[in-house]
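Q: What follows is entry_12.tsv, made up of TSV, C-alpha atoms:
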chain	number	residue	atom	x	y	z
A	211	MET	CA	27.40	77.82	14.22
A	212	THR	CA	29.47	75.03	12.78
A	213	TRP	CA	27.72	75.08	9.44
A	214	ARG	CA	28.30	78.83	9.14
A	215	LEU	CA	32.02	78.31	9.72
A	216	LEU	CA	32.06	75.58	7.08
A	217	ILE	CA	30.32	77.83	4.58
A	218	CYS	CA	32.70	80.71	5.32
A	219	SER	CA	35.70	78.40	5.01
A	220	SER	CA	34.45	76.96	1.72
A	221	LEU	CA	33.77	80.45	0.39
A	222	ALA	CA	37.26	81.61	1.36
A	223	MET	CA	38.80	78.61	-0.38
A	224	TRP	CA	36.72	79.24	-3.49
A	225	LEU	CA	37.68	82.91	-3.61
A	226	ALA	CA	41.35	82.00	-3.21
A	227	HIS	CA	41.06	79.46	-6.00
A	228	ALA	CA	39.24	82.00	-8.17
A	229	ALA	CA	42.17	84.39	-7.69
A	230	ALA	CA	44.65	81.83	-9.06
A	231	GLY	CA	46.35	82.87	-12.27
A	232	PRO	CA	49.25	82.06	-14.59
A	233	VAL	CA	52.90	82.57	-13.73
A	234	GLY	CA	54.74	83.17	-16.97
A	235	GLY	CA	57.66	84.77	-18.69
A	236	SER	CA	60.48	84.06	-21.11
A	237	VAL	CA	63.88	82.42	-21.08
A	238	GLU	CA	66.91	83.15	-23.24
A	239	ILE	CA	70.01	80.96	-23.54
A	240	SER	CA	73.41	82.64	-23.82
A	241	ASN	CA	76.84	81.22	-24.70
A	242	SER	CA	75.16	78.15	-26.11
A	243	GLN	CA	77.32	75.09	-26.69
A	244	ASP	CA	74.81	73.80	-29.27
A	245	PRO	CA	75.40	75.21	-32.77
A	246	THR	CA	71.75	74.63	-33.69
A	247	VAL	CA	70.61	76.80	-30.78
A	248	ARG	CA	73.10	79.51	-31.73
A	249	ARG	CA	71.84	79.48	-35.32
A	250	THR	CA	68.09	79.20	-34.73
A	251	ARG	CA	67.71	80.63	-31.21
A	252	ASP	CA	65.47	77.72	-30.35
A	253	TYR	CA	65.03	77.88	-26.57
A	254	THR	CA	62.84	74.81	-26.24
A	255	GLY	CA	63.19	72.46	-23.29
A	256	VAL	CA	63.88	74.54	-20.19
A	257	VAL	CA	61.81	73.20	-17.27
A	258	LEU	CA	60.50	75.63	-14.66
A	259	TRP	CA	58.43	74.71	-11.64
A	260	LEU	CA	57.09	76.21	-8.41
A	261	GLU	CA	57.36	74.52	-5.03
A	262	PRO	CA	55.01	76.03	-2.40
A	263	VAL	CA	56.77	77.40	0.67
A	264	GLU	CA	55.78	75.37	3.74
A	265	HIS	CA	53.87	78.13	5.51
A	266	ASN	CA	52.01	78.97	2.31
A	267	ALA	CA	48.77	77.31	3.45
A	268	GLU	CA	46.04	79.55	2.04
A	269	PRO	CA	45.00	77.86	-0.10
A	270	PRO	CA	46.94	74.61	0.28
A	271	ALA	CA	48.55	73.25	-2.87
A	272	PRO	CA	46.22	70.94	-4.80
A	273	PRO	CA	47.09	67.24	-4.69
A	274	LEU	CA	49.32	65.83	-7.39
A	275	VAL	CA	47.29	64.29	-10.19
A	276	PRO	CA	49.33	61.69	-12.13
A	277	LYS	CA	49.33	62.06	-15.90
A	278	HIS	CA	49.69	59.63	-18.78
A	279	GLU	CA	52.05	60.96	-21.44
A	280	ARG	CA	53.81	59.66	-24.58
A	281	MET	CA	57.46	59.97	-25.56
A	282	ILE	CA	57.71	58.48	-29.04
A	283	GLN	CA	60.81	57.00	-30.67
A	284	LYS	CA	61.01	58.09	-34.29
A	285	ASP	CA	63.92	58.64	-36.69
A	286	LYS	CA	66.24	57.55	-33.87
A	287	HIS	CA	65.05	60.38	-31.61
A	288	PHE	CA	62.96	60.58	-28.46
A	289	LEU	CA	60.13	63.10	-28.99
A	290	PRO	CA	59.66	65.33	-27.14
A	291	HIS	CA	63.28	65.59	-26.09
A	292	VAL	CA	62.29	67.17	-22.75
A	293	MET	CA	59.13	66.34	-20.82
A	294	ALA	CA	57.87	67.28	-17.36
A	295	VAL	CA	55.36	65.22	-15.36
A	296	PRO	CA	54.16	65.13	-11.74
A	297	VAL	CA	55.29	62.30	-9.48
A	298	GLY	CA	53.22	59.14	-10.05
A	299	SER	CA	52.77	59.70	-13.79
A	300	THR	CA	53.12	57.05	-16.47
A	301	VAL	CA	54.95	57.56	-19.76
A	302	ASP	CA	54.50	55.37	-22.85
A	303	PHE	CA	57.49	54.80	-25.14
A	304	PRO	CA	55.98	53.72	-28.50
A	305	ASN	CA	58.49	52.59	-31.11
A	306	LEU	CA	57.50	54.25	-34.40
A	307	ASP	CA	60.76	53.36	-36.15
A	308	PRO	CA	61.24	50.34	-38.45
A	309	ILE	CA	64.02	49.14	-36.10
A	310	TYR	CA	64.32	47.87	-32.52
A	311	HIS	CA	64.78	50.16	-29.50
A	312	ASN	CA	65.54	49.71	-25.81
A	313	ALA	CA	64.83	52.74	-23.62
A	314	PHE	CA	66.50	52.82	-20.20
A	315	SER	CA	67.66	55.09	-17.41
A	316	ASN	CA	70.28	54.60	-14.71
A	317	PHE	CA	69.04	57.55	-12.64
A	318	SER	CA	69.86	56.60	-9.04
A	319	GLY	CA	66.41	57.39	-7.69
A	320	GLN	CA	64.55	55.11	-10.10
A	321	THR	CA	66.21	52.93	-12.69
A	322	PHE	CA	64.20	51.33	-15.47
A	323	ASP	CA	64.77	49.24	-18.56
A	324	THR	CA	62.06	48.61	-21.16
A	325	GLY	CA	64.01	45.73	-22.67
A	326	LEU	CA	64.40	45.29	-26.38
A	327	TYR	CA	61.16	45.74	-28.33
A	328	LYS	CA	60.23	45.67	-31.97
A	329	PRO	CA	58.76	48.29	-34.32
A	330	GLY	CA	55.09	49.13	-33.84
A	331	THR	CA	55.03	48.14	-30.16
A	332	SER	CA	55.27	50.16	-26.97
A	333	ARG	CA	56.46	49.96	-23.39
A	334	SER	CA	55.35	51.99	-20.35
A	335	GLU	CA	57.00	53.16	-17.17
A	336	SER	CA	55.55	54.79	-14.04
A	337	PHE	CA	57.71	57.39	-12.30
A	338	LYS	CA	57.26	57.41	-8.52
A	339	VAL	CA	60.42	59.24	-7.44
A	340	PRO	CA	61.00	62.97	-8.06
A	341	GLY	CA	64.14	63.87	-9.99
A	342	ILE	CA	65.61	64.50	-13.42
A	343	MET	CA	65.49	61.27	-15.41
A	344	ARG	CA	68.02	60.99	-18.23
A	345	ILE	CA	66.69	58.56	-20.83
A	346	PHE	CA	68.82	56.70	-23.38
A	347	CYS	CA	68.54	53.86	-25.90
A	348	ASN	CA	70.73	50.83	-25.28
A	349	ILE	CA	71.26	50.38	-29.04
A	350	HIS	CA	71.67	53.93	-30.36
A	351	PRO	CA	74.10	56.14	-28.38
A	352	THR	CA	72.91	59.36	-30.03
A	353	MET	CA	69.39	58.95	-28.61
A	354	SER	CA	68.73	60.82	-25.36
A	355	ALA	CA	65.89	62.57	-23.55
A	356	ILE	CA	64.96	64.17	-20.25
A	357	ILE	CA	61.91	63.49	-18.09
A	358	ALA	CA	61.60	65.89	-15.16
A	359	VAL	CA	59.54	64.10	-12.48
A	360	LEU	CA	58.28	66.89	-10.23
A	361	PRO	CA	56.76	67.03	-6.71
A	362	THR	CA	54.39	69.86	-7.68
A	363	PRO	CA	51.47	70.47	-10.04
A	364	PHE	CA	52.88	73.87	-11.03
A	365	TYR	CA	55.33	73.49	-13.90
A	366	ALA	CA	55.99	74.33	-17.55
A	367	VAL	CA	58.47	73.62	-20.36
A	368	THR	CA	59.57	76.46	-22.61
A	369	ASP	CA	58.59	76.63	-26.27
A	370	ALA	CA	60.94	77.48	-29.15
A	371	LEU	CA	60.78	81.20	-28.32
A	372	GLY	CA	61.62	80.53	-24.70
A	373	ARG	CA	58.15	81.35	-23.46
A	374	PHE	CA	56.50	79.52	-20.57
A	375	SER	CA	53.25	79.75	-18.64
A	376	ILE	CA	52.41	77.85	-15.44
A	377	PRO	CA	48.60	77.88	-15.22
A	378	ALA	CA	46.26	78.29	-12.24
A	379	VAL	CA	48.79	79.16	-9.54
A	380	PRO	CA	47.08	80.22	-6.28
A	381	PRO	CA	48.44	83.37	-4.61
A	382	GLY	CA	51.22	82.73	-2.11
A	383	GLU	CA	54.96	82.18	-1.75
A	384	TYR	CA	56.85	79.71	-3.93
A	385	GLU	CA	60.39	78.62	-4.69
A	386	LEU	CA	61.11	78.93	-8.41
A	387	ARG	CA	63.18	75.98	-9.67
A	388	ILE	CA	64.84	75.67	-13.08
A	389	PHE	CA	66.42	72.86	-15.08
A	390	HIS	CA	68.28	73.10	-18.39
A	391	GLU	CA	70.32	70.11	-19.52
A	392	ARG	CA	73.21	72.18	-20.89
A	393	SER	CA	73.69	74.43	-17.88
A	394	LEU	CA	75.76	73.73	-14.79
A	395	PRO	CA	73.86	73.19	-11.51
A	396	ASP	CA	75.54	76.22	-9.87
A	397	VAL	CA	74.38	78.45	-12.73
A	398	LEU	CA	70.79	77.31	-12.36
A	399	LYS	CA	70.94	77.56	-8.56
A	400	PHE	CA	71.92	81.20	-8.88
A	401	LEU	CA	68.80	81.88	-10.98
A	402	GLU	CA	66.39	80.17	-8.59
A	403	ARG	CA	64.54	82.42	-6.17
A	404	ARG	CA	61.57	82.82	-3.86
A	405	ILE	CA	58.65	84.60	-5.49
A	406	THR	CA	55.33	85.90	-4.22
A	407	VAL	CA	52.40	85.25	-6.54
A	408	PRO	CA	49.58	87.80	-6.15
A	409	ASP	CA	45.93	87.39	-7.05
A	410	GLY	CA	45.58	86.76	-10.77
A	411	GLY	CA	49.10	85.48	-11.38
A	412	LEU	CA	52.51	86.96	-12.08
A	413	SER	CA	54.68	87.92	-15.05
A	414	LEU	CA	58.36	87.25	-14.36
A	415	PRO	CA	61.25	89.26	-15.87
A	416	LEU	CA	63.39	87.67	-18.58
A	417	ILE	CA	65.48	84.75	-17.30
A	418	SER	CA	68.89	84.50	-18.96
A	419	ILE	CA	70.54	81.07	-18.72
A	420	SER	CA	74.21	80.65	-19.58
A	421	GLU	CA	75.73	77.44	-20.91
A	422	THR	CA	79.26	78.58	-20.07
A	423	GLY	CA	81.34	75.71	-18.73
A	424	TYR	CA	79.09	72.95	-20.02
A	425	ILE	CA	81.02	70.08	-21.61
A	426	PRO	CA	79.02	67.32	-23.38
A	427	ALA	CA	79.95	63.90	-22.03
A	428	ALA	CA	79.49	60.51	-23.66
A	429	HIS	CA	77.29	58.04	-21.77
A	430	PHE	CA	77.56	54.28	-21.42
A	431	ASN	CA	74.97	51.67	-22.30
A	432	LYS	CA	72.75	50.06	-19.66
A	433	TYR	CA	75.54	47.64	-18.74
A	434	GLY	CA	77.94	50.48	-17.98
A	435	LYS	CA	80.03	49.75	-21.07
A	436	GLU	CA	80.89	51.69	-24.21
A	437	TYR	CA	78.61	51.34	-27.22
A	438	PRO	CA	79.79	49.31	-30.23
A	439	PRO	CA	81.19	51.49	-33.05
A	440	VAL	CA	78.14	50.89	-35.27
A	441	ALA	CA	74.67	49.81	-34.19
A	442	ASN	CA	73.38	46.78	-36.07
A	443	ASP	CA	69.71	47.57	-36.69
A	444	SER	CA	69.05	44.53	-38.86
A	445	THR	CA	68.31	41.93	-36.20
A	446	TYR	CA	68.18	41.46	-32.44
A	447	PRO	CA	67.71	37.82	-31.38
A	448	GLY	CA	65.70	37.28	-28.23
A	449	ALA	CA	63.68	40.48	-28.54
A	450	ARG	CA	60.59	40.70	-26.33
A	451	LYS	CA	57.34	40.20	-28.22
Using structure tokens, write down the structure from this file.

A:
Amino acid sequence: MTWRLLICSSLAMWLAHAAAGPVGGSVEISNSQDPTVRRTRDYTGVVLWLEPVEHNAEPPAPPLVPKHERMIQKDKHFLPHVMAVPVGSTVDFPNLDPIYHNAFSNFSGQTFDTGLYKPGTSRSESFKVPGIMRIFCNIHPTMSAIIAVLPTPFYAVTDALGRFSIPAVPPGEYELRIFHERSLPDVLKFLERRITVPDGGLSLPLISISETGYIPAAHFNKYGKEYPPVANDSTYPGARK
């Protein structure tokens, strides 16, 4: 009798997994504070993820599988500017510029500091704490990036047209979470909701995100001090090799 129950249970799990499908839709950004976004309507970089509701146990959420990603430093930019990874993932920070860089974050959940490193080399960091990591360069104040470290395997980042697709979501109840770096937390909280994903996935209605009230703020270097007026890219004594 036991083996029959095991077979039935395995079959049920397989059928539930087979019914998994994408959860997708589109995002638009209104009242943008970024003139480039207003001109080009580039809606890249909104992070959306699904957190299974606790009683949603059929099927249970798959375990988190850490990933190994790259965020390059080129032309004094972090690329991509916004990245999402599951908890436990590792991100490489290769320096493809002909100058030194020093990536760091003072996020309270997990701080890190790559130290100063020269062109053509790379540093890595593993992210073990969920949260929104704001990444900066200790030399160049205009360099910034976001790494969303998520406690779920179900996530996506919008493309330039604002489209997103979260693949292979099993049917069940989920909390939809959203992050956009130029929107206030209360605005995003209002847009979050509980959704029910049926067999085969779900297409969500258009999500409109406002940037009203957002005010860009300058950040400090890794020592908590203001940046020098001009970065000296010519030499950095004591750089790690």

Q: Using CA of Gln283 in chain A and CA of Phe374 in chain A as the two end points, give the distance in Å to one decimal.

A: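 Those two atoms sit 25.1 Å apart.
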
Q: Could you work out how far CA of Tyr424 in chain A lies from CA of His311 in chain A, giving the answer in Å with one decimal?

A: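 Interatomic distance here is 28.5 Å.
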
Q: The residues within 8 Å of (49.1, 87.1, -8.3), using all atoms listed in the file and the coordinates of the file, should be reported as a ChimeraX atom specification; which are they?

A: /A:229-231,380-382,406-412

Q: If we count all atoms listed in the file and set the cut-off at 12 Å, which residues sit around range 346-352 of chain A, ignoring sequence neighbours fewer than 3 positions away in its own chain? Please answer as a PyMOL selection string.

A: chain A and resi 283+285-288+291+303+305+309-317+321-327+343+355-357+427-446

Q: In Å, rounded to a single decimal, give me how far CA of Arg251 in chain A is from CA of Phe364 in chain A.

A: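 These two atoms are separated by 25.9 Å.
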
Q: Residues proximal to (68.7, 84.5, -10.3) were defined as those with any atom within 10 Å of that point in the file's coordinates, counting all atoms listed in the file. Which are they, as a list in words?

A: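 It turns out the residues near that spot are Leu386, Val397, Leu398, Lys399, Phe400, Leu401, Glu402, Arg403, Arg404, Ile417, Ser418 and Ile419 of chain A.
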
Q: Would you mind telling me which residue in A:Val297, A:Leu289, A:Pro340, A:Ile425 lies nearest to Val275 in chain A when using all atoms listed in the file?

A: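 Of A:Val297, A:Leu289, A:Pro340, A:Ile425, the one nearest Val275 in chain A is A:Val297, counting all atoms listed in the file.
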